[in-house]
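Report on one structure; see the data block that follows.
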Amino acid sequence: MEHLIRTRDLLKTTLHQSTQLDLQIHQTTTNLSRINSSKSHITNIPSLSTLHHHLHRALPPVSAVFQVYQVVEELGSLLLDHHPSPDLHHHLSLLKRFSQALTLLTNTCNLAILWVEDINTTIVDNLYHSNVSKTLHILKQLQRFEERSLLKHGILNVAFENLKHEFTTLLIENSFPLQVPSSLFSSGDDESDVFDPLPEALPFPIVKNLQDIVACFSCNNLVDQCVHVYIKIRGTIVHRSLEGLDLDYLEITLTEFHSVQEVEGYIDEWGRHLEFVVKHLLELEYTLCEHVFSKSIEVNVWKYCFSKIALQSGIQSFIKFGNTITKCKKEAIKLFKLLDIFTTLNNLRQDFNRIFGGKPCSEIQSQTREFLKNVVNGACEIFQDLKAQVELQRLNDPPPDGTIPKLVIFVTEYANELLDDEYKHELEQVLKIHSSWHNESKFTKGIVSVEIKNIVKSLELNLETWAKRYEDASLSYIFLMNTSCYLSKHLKGTKLGDLMGESWIKRHEVHTEYYTSLYLKESWGRIPALLSNNDRNKMKGFNDVFDQVFRKQSEWVLCDRDLRWKTCQMIMEVVVPVYKALVESGDTHSPNSNKYLKYSDEKIENMLTSMFRSKLDKYGSSAKRTSLMGKIKNVVTGHFSPTNAAA
């Protein structure tokens with residue numbers, strides 16, 4: 001400031017001397033004109049009128065410099081004495097006027113320098129030349145005053161530092177972490193999963209003050225200072241908002257789990273957490289960025305701010321976790337988790353396109369596109385491979401006890417789940433997207449239903465093939481009774497049953513009765529013939545046949561309780577009357593009459609009614625279809641295993 005005062009005083013002195021010079025030149029010019037008129041023969045006297053002309057035109061700009069400088073000095077003092085906090089708008093007004101005065105000073109100096117430099121070339125007197133040179137030097141110093149004021153400890157620099165501090169204070173004192181909804185800590189299966197309406201990030205008066213500060217910085221090409229502060233503070237707020245969530249699972253690697261079933265809980269959490277981050281946390285930051293920087297001259301600076309804050313939110317970690325799931329082992333159950341992921345992304349598609357649109361978020365856009373591509377391709381690959389996997393199981397052996405193969409239970413439950421309205425719709429969307437990516441001319445509507453029908457038909461062919469593998473025809477019939485009963489009874493009224501049609505269900509009902517009659521004939525057909533046997537040891541023959549059949553079939557299983565009871569009743573209708581007749585027709589007076597009487601009527605009936613029971617009676621008539629995710633874990637390991645899927 002002392003340097004400025006000295007400069008002012010020197011400028012006043014120089015200006016006074018220049019004024020005196022102008023007066024003297026004017027007087028001298030008048031005298032010379034008179035002399036020239038009387039002595040026209042003198043032709044080489046220098047023309048001072050030209051010098052007077054230059055001085056006359058240079059003095060107003062120099063005088064203006066002095067006046068503008070006085071205004072700059074006055075405004076600078078006011079600006080340094082005034083802090084932004086008490087009255088921000090008054091402070092901004094002072095700063096704006098001071099900045100404008102500096103610009104005016106620079107422009108006025110530029111004009112004055114041009115005229116003074118012109119004078120300097122026409123003066124030959126050393127004294128006057130020295131004064132004019134000093135004036136020129138001072139003007140050039142003042143010309144750089146605006147530039148120097150932005151340097152460290154310069155008036156403008158100090159003013160902007162104070163304003164930046166106010167910007168920082170307003171953000172810190174009014175920014176608070178977003179409260180995490182309690183629904184994010186639940187399973188997400190109830191209505192509590194609905195988030196509360198989006199709160200206000202900052203009070204409107206605070207946003208208005210921030211806007212005005214940004215506008216001031218922007219007008220002086222210093223908006224990057226606001227950007228740096230804003231990103232740091234709001235990025236910290238975003239990070240603190242996520243501290244309430246346990247997001248360590250986002251860093252899981254492929255080496256840390258074997259099957260998607262091990263992390264399906266994380267996948268469900270991932271969907272809820274991502275929705276919160278995008279629809280609430282980042283939506284809030286997106287809107288706030290747009291408002292705070294709305295008065296910035298730089299049009300896209302707010303998008304740049306948001307992109308940096310978005311990166312600090314960990315959005316890339318969410319994408320990384322999703323990609324990890326797409327790269328894990330291919331298994332049938334993985335299809336459902338990929339569809340869950342696709343559903344989440346599809347629900348957020350418009351939000352992603354809007355808040356991550358534009359060049360600043362190009363990195364996030366690219367990663368999201370690659371992620372979606374992996375999800376779609378992975379889901380299509382698994383779905384399109386299901387039929388082939390079913391056919392592959394045909395090489396395996398059927399269950400040794402004639403029970404329902406695990407593959408049948410798995411495929412039917414799996415198909416029912418895929419036909420659920422939500423999964424079916426999402427799968428059709430995935431297949432349609434995949435078709436468009438590969439330039440396929442036409443997408444077949446209803447392709448999910450068509451493909452599932454083909455899978456079931458392939459499964460039926462498996463059953464026919466496995467039935468022929470049994471060496472014992474009776475066991476083959478038990479196997480076909482089980483599978484036909486399961487397909488007709490347990491699929492009736494389900495999505496899959498409706499898809500296959502009523503005639504298909506009826507056909508398997510008829511097959512159940514047909515194979516039951518074949519079983520009775522094959523296993524117990526010899527019993528009635530014993531009555532017509534003339535052998536005196538008819539009871540012994542009965543015992544041999546009965547013991548042989550019962551012993552062989554005691555480990556066989558009929559899974560359906562009603563079918564088991566009905567079959568046992570039919571066996572008793574064949575066996576018990578024959579046995580009673582043999583007992584009644586026997587020679588009770590013979591000394592060997594009791595030798596072959598091994599069983600009582602009650603014992604026979606109890607033995608027959610105990611047949612075909614399994615240790616785990618899973619498929620009784622009261623059994624209800626539960627969700628696939630729970631049941632599959634009790635049926636198969638979640639993927640088609642060449643060694644045990646059939647059994």
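Each chain of the structure tokens is named A, B, ... in the order shown, its residues numbered from 1; ligands are numbered from 1 in display order.
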Shell of 8 Å around range 93-108 of chain A, only C-alpha atoms, local chain residues under 2 positions omitted, as an mmCIF file with all heavy atoms, in the first residue's frame:
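Once everything was written out, this is selection.cif:
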```
data_model
loop_
_atom_site.group_PDB
_atom_site.id
_atom_site.type_symbol
_atom_site.label_atom_id
_atom_site.label_comp_id
_atom_site.auth_asym_id
_atom_site.auth_seq_id
_atom_site.Cartn_x
_atom_site.Cartn_y
_atom_site.Cartn_z
ATOM 1 N N PRO A 61 -6.162 11.127 -21.045
ATOM 2 C CA PRO A 61 -6.008 9.734 -20.603
ATOM 3 C C PRO A 61 -5.181 9.604 -19.333
ATOM 4 O O PRO A 61 -5.511 8.809 -18.452
ATOM 5 C CB PRO A 61 -5.309 9.059 -21.783
ATOM 6 C CG PRO A 61 -5.654 9.889 -22.957
ATOM 7 C CD PRO A 61 -5.723 11.293 -22.444
ATOM 8 N N VAL A 62 -4.102 10.412 -19.232
ATOM 9 C CA VAL A 62 -3.267 10.341 -18.031
ATOM 10 C C VAL A 62 -4.050 10.816 -16.829
ATOM 11 O O VAL A 62 -3.975 10.245 -15.733
ATOM 12 C CB VAL A 62 -1.986 11.175 -18.220
ATOM 13 C CG1 VAL A 62 -1.204 11.241 -16.918
ATOM 14 C CG2 VAL A 62 -1.131 10.587 -19.332
ATOM 15 N N ALA A 64 -7.227 10.643 -16.524
ATOM 16 C CA ALA A 64 -8.207 9.590 -16.236
ATOM 17 C C ALA A 64 -7.580 8.459 -15.440
ATOM 18 O O ALA A 64 -8.210 7.888 -14.548
ATOM 19 C CB ALA A 64 -8.792 9.053 -17.543
ATOM 20 N N VAL A 65 -6.340 8.125 -15.766
ATOM 21 C CA VAL A 65 -5.632 7.087 -15.006
ATOM 22 C C VAL A 65 -5.575 7.480 -13.536
ATOM 23 O O VAL A 65 -5.821 6.664 -12.634
ATOM 24 C CB VAL A 65 -4.216 6.867 -15.567
ATOM 25 C CG1 VAL A 65 -3.389 6.013 -14.613
ATOM 26 C CG2 VAL A 65 -4.285 6.204 -16.935
ATOM 27 N N VAL A 68 -9.078 7.105 -12.017
ATOM 28 C CA VAL A 68 -9.452 5.689 -11.838
ATOM 29 C C VAL A 68 -8.644 5.068 -10.709
ATOM 30 O O VAL A 68 -9.168 4.285 -9.903
ATOM 31 C CB VAL A 68 -9.255 4.906 -13.151
ATOM 32 C CG1 VAL A 68 -9.463 3.407 -12.925
ATOM 33 C CG2 VAL A 68 -10.212 5.400 -14.225
ATOM 34 N N TYR A 69 -7.384 5.424 -10.649
ATOM 35 C CA TYR A 69 -6.542 4.863 -9.600
ATOM 36 C C TYR A 69 -7.041 5.260 -8.219
ATOM 37 O O TYR A 69 -6.987 4.463 -7.273
ATOM 38 C CB TYR A 69 -5.100 5.313 -9.787
ATOM 39 C CG TYR A 69 -4.184 4.804 -8.695
ATOM 40 C CD1 TYR A 69 -3.831 3.463 -8.648
ATOM 41 C CD2 TYR A 69 -3.719 5.657 -7.693
ATOM 42 C CE1 TYR A 69 -3.016 2.982 -7.638
ATOM 43 C CE2 TYR A 69 -2.906 5.181 -6.677
ATOM 44 C CZ TYR A 69 -2.558 3.852 -6.653
ATOM 45 O OH TYR A 69 -1.769 3.375 -5.648
ATOM 46 N N VAL A 71 -10.105 5.734 -7.413
ATOM 47 C CA VAL A 71 -11.257 4.863 -7.145
ATOM 48 C C VAL A 71 -10.793 3.467 -6.738
ATOM 49 O O VAL A 71 -11.321 2.861 -5.797
ATOM 50 C CB VAL A 71 -12.169 4.780 -8.387
ATOM 51 C CG1 VAL A 71 -13.298 3.760 -8.171
ATOM 52 C CG2 VAL A 71 -12.748 6.138 -8.706
ATOM 53 N N VAL A 72 -9.787 2.937 -7.453
ATOM 54 C CA VAL A 72 -9.246 1.613 -7.128
ATOM 55 C C VAL A 72 -8.719 1.586 -5.708
ATOM 56 O O VAL A 72 -8.950 0.639 -4.944
ATOM 57 C CB VAL A 72 -8.144 1.220 -8.132
ATOM 58 C CG1 VAL A 72 -7.375 -0.007 -7.647
ATOM 59 C CG2 VAL A 72 -8.736 0.950 -9.509
ATOM 60 N N LEU A 75 -11.720 1.646 -3.213
ATOM 61 C CA LEU A 75 -12.433 0.362 -3.176
ATOM 62 C C LEU A 75 -11.577 -0.744 -2.574
ATOM 63 O O LEU A 75 -12.084 -1.624 -1.869
ATOM 64 C CB LEU A 75 -12.868 -0.027 -4.594
ATOM 65 C CG LEU A 75 -13.973 0.818 -5.223
ATOM 66 C CD1 LEU A 75 -14.199 0.403 -6.671
ATOM 67 C CD2 LEU A 75 -15.267 0.670 -4.430
ATOM 68 N N GLY A 76 -10.268 -0.718 -2.857
ATOM 69 C CA GLY A 76 -9.378 -1.725 -2.288
ATOM 70 C C GLY A 76 -9.361 -1.674 -0.789
ATOM 71 O O GLY A 76 -9.377 -2.709 -0.103
ATOM 72 N N LEU A 78 -11.757 -0.479 1.186
ATOM 73 C CA LEU A 78 -13.053 -0.965 1.673
ATOM 74 C C LEU A 78 -13.128 -2.487 1.613
ATOM 75 O O LEU A 78 -13.670 -3.138 2.515
ATOM 76 C CB LEU A 78 -14.179 -0.358 0.837
ATOM 77 C CG LEU A 78 -14.425 1.143 0.996
ATOM 78 C CD1 LEU A 78 -15.457 1.623 -0.013
ATOM 79 C CD2 LEU A 78 -14.891 1.448 2.416
ATOM 80 N N LEU A 79 -12.614 -3.066 0.544
ATOM 81 C CA LEU A 79 -12.677 -4.516 0.352
ATOM 82 C C LEU A 79 -11.865 -5.254 1.403
ATOM 83 O O LEU A 79 -12.297 -6.281 1.935
ATOM 84 C CB LEU A 79 -12.178 -4.866 -1.054
ATOM 85 C CG LEU A 79 -12.401 -6.300 -1.537
ATOM 86 C CD1 LEU A 79 -13.883 -6.639 -1.552
ATOM 87 C CD2 LEU A 79 -11.819 -6.480 -2.938
ATOM 88 N N HIS A 89 -23.603 -10.202 0.126
ATOM 89 C CA HIS A 89 -23.931 -9.526 -1.120
ATOM 90 C C HIS A 89 -23.261 -8.153 -1.226
ATOM 91 O O HIS A 89 -22.869 -7.730 -2.319
ATOM 92 C CB HIS A 89 -25.450 -9.396 -1.251
ATOM 93 C CG HIS A 89 -26.131 -10.708 -1.465
ATOM 94 N ND1 HIS A 89 -26.624 -11.470 -0.431
ATOM 95 C CD2 HIS A 89 -26.362 -11.428 -2.604
ATOM 96 C CE1 HIS A 89 -27.153 -12.575 -0.909
ATOM 97 N NE2 HIS A 89 -27.005 -12.589 -2.229
ATOM 98 N N HIS A 90 -23.132 -7.455 -0.090
ATOM 99 C CA HIS A 90 -22.398 -6.187 -0.115
ATOM 100 C C HIS A 90 -20.933 -6.436 -0.446
ATOM 101 O O HIS A 90 -20.319 -5.685 -1.223
ATOM 102 C CB HIS A 90 -22.526 -5.476 1.234
ATOM 103 C CG HIS A 90 -21.750 -4.196 1.309
ATOM 104 N ND1 HIS A 90 -22.011 -3.110 0.501
ATOM 105 C CD2 HIS A 90 -20.684 -3.842 2.096
ATOM 106 C CE1 HIS A 90 -21.164 -2.141 0.774
ATOM 107 N NE2 HIS A 90 -20.349 -2.556 1.752
ATOM 108 N N HIS A 91 -20.383 -7.515 0.138
ATOM 109 C CA HIS A 91 -18.988 -7.849 -0.123
ATOM 110 C C HIS A 91 -18.779 -8.204 -1.601
ATOM 111 O O HIS A 91 -17.797 -7.766 -2.219
ATOM 112 C CB HIS A 91 -18.568 -9.019 0.759
ATOM 113 C CG HIS A 91 -17.114 -9.370 0.632
ATOM 114 N ND1 HIS A 91 -16.126 -8.716 1.319
ATOM 115 C CD2 HIS A 91 -16.483 -10.305 -0.128
ATOM 116 C CE1 HIS A 91 -14.947 -9.219 0.998
ATOM 117 N NE2 HIS A 91 -15.141 -10.199 0.129
ATOM 118 N N ASN A 110 -3.457 1.513 -20.807
ATOM 119 C CA ASN A 110 -3.077 1.126 -22.170
ATOM 120 C C ASN A 110 -3.209 2.302 -23.131
ATOM 121 O O ASN A 110 -2.333 2.553 -23.972
ATOM 122 C CB ASN A 110 -3.955 -0.036 -22.647
ATOM 123 C CG ASN A 110 -3.674 -1.321 -21.902
ATOM 124 O OD1 ASN A 110 -2.592 -1.486 -21.336
ATOM 125 N ND2 ASN A 110 -4.634 -2.240 -21.902
ATOM 126 N N LEU A 111 -4.314 3.056 -23.012
ATOM 127 C CA LEU A 111 -4.529 4.198 -23.890
ATOM 128 C C LEU A 111 -3.538 5.320 -23.610
ATOM 129 O O LEU A 111 -2.950 5.909 -24.531
ATOM 130 C CB LEU A 111 -5.963 4.701 -23.720
ATOM 131 C CG LEU A 111 -6.376 5.888 -24.587
ATOM 132 C CD1 LEU A 111 -6.261 5.545 -26.071
ATOM 133 C CD2 LEU A 111 -7.797 6.335 -24.241
ATOM 134 N N ALA A 112 -3.340 5.601 -22.312
ATOM 135 C CA ALA A 112 -2.433 6.684 -21.935
ATOM 136 C C ALA A 112 -1.006 6.382 -22.371
ATOM 137 O O ALA A 112 -0.269 7.269 -22.815
ATOM 138 C CB ALA A 112 -2.501 6.911 -20.426
ATOM 139 N N LEU A 142 1.216 0.793 -13.297
ATOM 140 C CA LEU A 142 -0.220 0.741 -13.039
ATOM 141 C C LEU A 142 -0.936 -0.192 -14.013
ATOM 142 O O LEU A 142 -1.959 -0.788 -13.685
ATOM 143 C CB LEU A 142 -0.808 2.150 -13.127
ATOM 144 C CG LEU A 142 -0.366 3.119 -12.029
ATOM 145 C CD1 LEU A 142 -0.931 4.504 -12.293
ATOM 146 C CD2 LEU A 142 -0.811 2.622 -10.665
ATOM 147 N N GLN A 143 -0.391 -0.299 -15.202
ATOM 148 C CA GLN A 143 -0.965 -1.207 -16.198
ATOM 149 C C GLN A 143 -0.933 -2.652 -15.700
ATOM 150 O O GLN A 143 -1.820 -3.452 -15.998
ATOM 151 C CB GLN A 143 -0.188 -1.073 -17.501
ATOM 152 C CG GLN A 143 -0.739 -1.908 -18.652
ATOM 153 C CD GLN A 143 0.206 -1.920 -19.826
ATOM 154 O OE1 GLN A 143 1.436 -1.939 -19.636
ATOM 155 N NE2 GLN A 143 -0.347 -1.872 -21.029
ATOM 156 N N ARG A 144 0.072 -2.997 -14.910
ATOM 157 C CA ARG A 144 0.211 -4.364 -14.367
ATOM 158 C C ARG A 144 -0.382 -4.502 -12.969
ATOM 159 O O ARG A 144 -0.230 -5.527 -12.325
ATOM 160 C CB ARG A 144 1.686 -4.763 -14.340
ATOM 161 C CG ARG A 144 2.321 -4.867 -15.729
ATOM 162 C CD ARG A 144 3.695 -5.508 -15.666
ATOM 163 N NE ARG A 144 4.616 -4.727 -14.857
ATOM 164 C CZ ARG A 144 5.391 -3.740 -15.312
ATOM 165 N NH1 ARG A 144 5.315 -3.398 -16.598
ATOM 166 N NH2 ARG A 144 6.212 -3.076 -14.519
ATOM 167 N N PHE A 145 -1.045 -3.466 -12.511
ATOM 168 C CA PHE A 145 -1.582 -3.491 -11.150
ATOM 169 C C PHE A 145 -2.643 -4.580 -10.981
ATOM 170 O O PHE A 145 -2.698 -5.267 -9.960
ATOM 171 C CB PHE A 145 -2.166 -2.113 -10.802
ATOM 172 C CG PHE A 145 -2.641 -2.007 -9.387
ATOM 173 C CD1 PHE A 145 -1.737 -1.936 -8.336
ATOM 174 C CD2 PHE A 145 -4.002 -1.998 -9.093
ATOM 175 C CE1 PHE A 145 -2.179 -1.842 -7.033
ATOM 176 C CE2 PHE A 145 -4.445 -1.911 -7.789
ATOM 177 C CZ PHE A 145 -3.528 -1.819 -6.749
ATOM 178 N N GLU A 146 -3.492 -4.734 -12.002
ATOM 179 C CA GLU A 146 -4.531 -5.773 -11.943
ATOM 180 C C GLU A 146 -3.912 -7.157 -11.869
ATOM 181 O O GLU A 146 -4.345 -8.012 -11.094
ATOM 182 C CB GLU A 146 -5.444 -5.663 -13.164
ATOM 183 C CG GLU A 146 -6.582 -6.685 -13.161
ATOM 184 C CD GLU A 146 -7.486 -6.550 -14.361
ATOM 185 O OE1 GLU A 146 -7.083 -5.896 -15.355
ATOM 186 O OE2 GLU A 146 -8.599 -7.100 -14.325
ATOM 187 N N LEU A 156 -6.729 -8.354 -4.663
ATOM 188 C CA LEU A 156 -7.710 -9.255 -5.257
ATOM 189 C C LEU A 156 -7.503 -10.687 -4.790
ATOM 190 O O LEU A 156 -8.466 -11.423 -4.552
ATOM 191 C CB LEU A 156 -7.613 -9.169 -6.784
ATOM 192 C CG LEU A 156 -8.891 -9.486 -7.576
ATOM 193 C CD1 LEU A 156 -10.032 -8.612 -7.103
ATOM 194 C CD2 LEU A 156 -8.655 -9.299 -9.057
ATOM 195 N N ALA A 159 -8.874 -10.910 -1.315
ATOM 196 C CA ALA A 159 -10.339 -10.865 -1.358
ATOM 197 C C ALA A 159 -10.927 -12.204 -1.786
ATOM 198 O O ALA A 159 -11.901 -12.687 -1.199
ATOM 199 C CB ALA A 159 -10.783 -9.759 -2.312
ATOM 200 N N CYS A 216 -19.149 -14.999 -9.032
ATOM 201 C CA CYS A 216 -18.054 -14.036 -8.864
ATOM 202 C C CYS A 216 -16.720 -14.649 -9.280
ATOM 203 O O CYS A 216 -15.948 -14.030 -10.022
ATOM 204 C CB CYS A 216 -18.005 -13.561 -7.411
ATOM 205 S SG CYS A 216 -16.742 -12.321 -7.091
#
```
**Study point:** Backbone-only DSSP, alpha helix (DSSP H) members of range 168-409 of chain A, as an MDAnalysis selection string
**Key:** chainID A and resid 168:174 204:219 223:241 264:276 283:292 301:312 315:327 334:347 349:355 362:392 406:409
Practice item. Would you kindly return, as a PyMOL selection string, each protein, DNA or RNA residue with an atom no farther than 9 Å from any atom of range 516-532 of chain A, considering only C-alpha atoms and excluding same-chain residues fewer than 6 positions away? Key: chain A and resi 473-478+480-481+538-539+541-542+545-546+549+567+570-571+574-575+577-579+581-582
Check your understanding: What's the 9 Å shell around Arg234 in chain A, counting only C-alpha atoms, without same-chain residues fewer than 5 positions away, as a PyMOL selection string?
Key -> chain A and resi 171-172+175+229+239+285+309
Contacts of Leu431 in chain A at 9 Å (only C-alpha atoms; same-chain gap of 6+ positions) as an mmCIF file with C-alpha atoms, in the first residue's frame:
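This went into part_6.cif:
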```cif
data_model
loop_
_atom_site.group_PDB
_atom_site.id
_atom_site.type_symbol
_atom_site.label_atom_id
_atom_site.label_comp_id
_atom_site.auth_asym_id
_atom_site.auth_seq_id
_atom_site.Cartn_x
_atom_site.Cartn_y
_atom_site.Cartn_z
ATOM 1 C CA VAL A 376 -26.945 -60.050 -20.980
ATOM 2 C CA ASN A 377 -24.448 -62.381 -22.649
ATOM 3 C CA ALA A 379 -27.812 -64.879 -18.991
ATOM 4 C CA CYS A 380 -28.417 -65.793 -22.632
ATOM 5 C CA PHE A 443 -36.920 -61.702 -32.464
ATOM 6 C CA ILE A 447 -39.278 -67.542 -27.064
ATOM 7 C CA VAL A 448 -39.012 -68.273 -23.338
#
```
Check your understanding: If you count only C-alpha atoms, which residues fall within 12 Å of Ser600 in chain A, apart from same-chain ones fewer than 6 positions away, as number ranges by chain?
Key -> A: 576, 579-580, 582-583, 594, 606-607
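The two atoms in question, CA of Asp498 in chain A and CA of Tyr414 in chain A, are spaced 15.0 Å apart.
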Would you pick out the contacts of Arg354 in chain A at 12 Å or less, using only C-alpha atoms, so that residues sharing its chain but fewer than 2 positions from it are not included, and give the list as a compact mmCIF listing (two decimals) with all heavy atoms, in the first residue's frame?
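Everything below was put into part-v2.txt:
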```txt
# COMPACT_ATOMS: atom_id res chain seq x y z
N VAL A 278 -27.79 -44.50 -6.33
CA VAL A 278 -28.11 -43.80 -7.57
C VAL A 278 -29.34 -42.91 -7.43
O VAL A 278 -29.30 -41.71 -7.74
CB VAL A 278 -28.33 -44.81 -8.72
CG1 VAL A 278 -28.82 -44.10 -9.98
CG2 VAL A 278 -27.04 -45.56 -9.00
N LYS A 279 -30.44 -43.49 -6.93
CA LYS A 279 -31.70 -42.75 -6.90
C LYS A 279 -31.77 -41.72 -5.79
O LYS A 279 -32.60 -40.79 -5.86
CB LYS A 279 -32.88 -43.73 -6.75
CG LYS A 279 -33.28 -44.43 -8.03
CD LYS A 279 -34.52 -45.27 -7.81
CE LYS A 279 -35.10 -45.80 -9.11
NZ LYS A 279 -35.69 -44.74 -9.94
N LEU A 282 -26.72 -40.01 -5.10
CA LEU A 282 -26.16 -39.30 -6.25
C LEU A 282 -27.18 -38.38 -6.92
O LEU A 282 -26.80 -37.36 -7.50
CB LEU A 282 -25.61 -40.32 -7.27
CG LEU A 282 -24.36 -41.07 -6.81
CD1 LEU A 282 -23.85 -41.99 -7.90
CD2 LEU A 282 -23.26 -40.11 -6.38
N GLU A 283 -28.45 -38.74 -6.86
CA GLU A 283 -29.48 -37.84 -7.38
C GLU A 283 -29.45 -36.51 -6.64
O GLU A 283 -29.58 -35.44 -7.23
CB GLU A 283 -30.85 -38.50 -7.24
CG GLU A 283 -32.02 -37.63 -7.68
CD GLU A 283 -32.02 -37.35 -9.16
OE1 GLU A 283 -31.62 -38.24 -9.94
OE2 GLU A 283 -32.43 -36.23 -9.55
N TYR A 286 -26.32 -34.68 -7.77
CA TYR A 286 -26.51 -34.21 -9.15
C TYR A 286 -27.30 -32.91 -9.18
O TYR A 286 -26.91 -31.93 -9.83
CB TYR A 286 -27.23 -35.30 -9.94
CG TYR A 286 -27.53 -34.97 -11.38
CD1 TYR A 286 -26.59 -35.20 -12.38
CD2 TYR A 286 -28.76 -34.44 -11.75
CE1 TYR A 286 -26.87 -34.92 -13.71
CE2 TYR A 286 -29.05 -34.15 -13.07
CZ TYR A 286 -28.10 -34.40 -14.05
OH TYR A 286 -28.39 -34.10 -15.36
N THR A 287 -28.42 -32.89 -8.45
CA THR A 287 -29.27 -31.70 -8.41
C THR A 287 -28.56 -30.53 -7.75
O THR A 287 -28.63 -29.39 -8.23
CB THR A 287 -30.57 -32.02 -7.64
OG1 THR A 287 -31.23 -33.13 -8.26
CG2 THR A 287 -31.50 -30.83 -7.63
N LYS A 303 -21.18 -30.56 -14.22
CA LYS A 303 -21.13 -31.98 -14.57
C LYS A 303 -19.77 -32.58 -14.21
O LYS A 303 -19.68 -33.74 -13.81
CB LYS A 303 -21.43 -32.17 -16.05
CG LYS A 303 -22.87 -31.85 -16.44
CD LYS A 303 -23.15 -32.18 -17.89
CE LYS A 303 -24.61 -31.92 -18.24
NZ LYS A 303 -24.91 -32.25 -19.65
N LEU A 348 -32.84 -48.79 -13.08
CA LEU A 348 -32.03 -47.58 -12.90
C LEU A 348 -31.56 -46.99 -14.23
O LEU A 348 -30.78 -46.04 -14.23
CB LEU A 348 -30.80 -47.91 -12.03
CG LEU A 348 -31.09 -48.36 -10.60
CD1 LEU A 348 -29.79 -48.77 -9.92
CD2 LEU A 348 -31.76 -47.24 -9.81
N ARG A 349 -32.02 -47.58 -15.34
CA ARG A 349 -31.50 -47.19 -16.66
C ARG A 349 -31.68 -45.70 -16.93
O ARG A 349 -30.73 -45.01 -17.33
CB ARG A 349 -32.20 -48.01 -17.75
CG ARG A 349 -31.79 -47.64 -19.17
CD ARG A 349 -32.38 -48.65 -20.16
NE ARG A 349 -33.81 -48.78 -19.97
CZ ARG A 349 -34.74 -48.00 -20.54
NH1 ARG A 349 -34.33 -47.01 -21.33
NH2 ARG A 349 -36.02 -48.20 -20.34
N GLN A 350 -32.88 -45.19 -16.73
CA GLN A 350 -33.13 -43.77 -16.99
C GLN A 350 -32.30 -42.88 -16.07
O GLN A 350 -31.80 -41.83 -16.49
CB GLN A 350 -34.61 -43.45 -16.85
CG GLN A 350 -35.48 -44.10 -17.93
CD GLN A 350 -36.94 -43.69 -17.81
OE1 GLN A 350 -37.35 -43.12 -16.82
NE2 GLN A 350 -37.72 -44.00 -18.84
N ASP A 351 -32.17 -43.30 -14.82
CA ASP A 351 -31.36 -42.51 -13.88
C ASP A 351 -29.90 -42.50 -14.31
O ASP A 351 -29.24 -41.46 -14.26
CB ASP A 351 -31.49 -43.10 -12.47
CG ASP A 351 -32.92 -43.10 -11.98
OD1 ASP A 351 -33.38 -42.06 -11.49
OD2 ASP A 351 -33.59 -44.14 -12.11
N PHE A 352 -29.38 -43.66 -14.72
CA PHE A 352 -28.00 -43.75 -15.18
C PHE A 352 -27.78 -42.85 -16.40
O PHE A 352 -26.80 -42.10 -16.45
CB PHE A 352 -27.66 -45.20 -15.54
CG PHE A 352 -26.93 -45.94 -14.46
CD1 PHE A 352 -27.61 -46.42 -13.34
CD2 PHE A 352 -25.57 -46.16 -14.53
CE1 PHE A 352 -26.95 -47.10 -12.34
CE2 PHE A 352 -24.90 -46.84 -13.54
CZ PHE A 352 -25.58 -47.31 -12.43
N PHE A 356 -25.44 -39.73 -15.45
CA PHE A 356 -24.09 -40.05 -15.93
C PHE A 356 -23.91 -39.72 -17.41
O PHE A 356 -22.96 -40.17 -18.04
CB PHE A 356 -23.78 -41.54 -15.69
CG PHE A 356 -23.76 -41.92 -14.25
CD1 PHE A 356 -24.46 -43.03 -13.81
CD2 PHE A 356 -23.05 -41.18 -13.32
CE1 PHE A 356 -24.45 -43.40 -12.47
CE2 PHE A 356 -23.05 -41.52 -11.98
CZ PHE A 356 -23.75 -42.64 -11.55
N GLY A 357 -24.86 -38.95 -17.97
CA GLY A 357 -24.72 -38.54 -19.35
C GLY A 357 -23.67 -37.45 -19.49
O GLY A 357 -23.35 -36.74 -18.56
N GLY A 358 -23.12 -37.31 -20.67
CA GLY A 358 -22.13 -36.27 -20.91
C GLY A 358 -20.71 -36.78 -20.79
O GLY A 358 -20.43 -37.84 -20.21
N CYS A 361 -18.62 -37.96 -17.40
CA CYS A 361 -18.90 -39.28 -16.82
C CYS A 361 -18.68 -40.40 -17.85
O CYS A 361 -19.23 -41.49 -17.70
CB CYS A 361 -20.33 -39.34 -16.30
SG CYS A 361 -20.63 -38.31 -14.85
N GLN A 365 -19.86 -44.39 -17.89
CA GLN A 365 -20.71 -44.88 -18.98
C GLN A 365 -20.10 -46.11 -19.63
O GLN A 365 -20.79 -47.12 -19.87
CB GLN A 365 -20.87 -43.78 -20.05
CG GLN A 365 -21.61 -42.54 -19.59
CD GLN A 365 -21.52 -41.43 -20.61
OE1 GLN A 365 -21.27 -41.68 -21.78
NE2 GLN A 365 -21.67 -40.20 -20.15
```
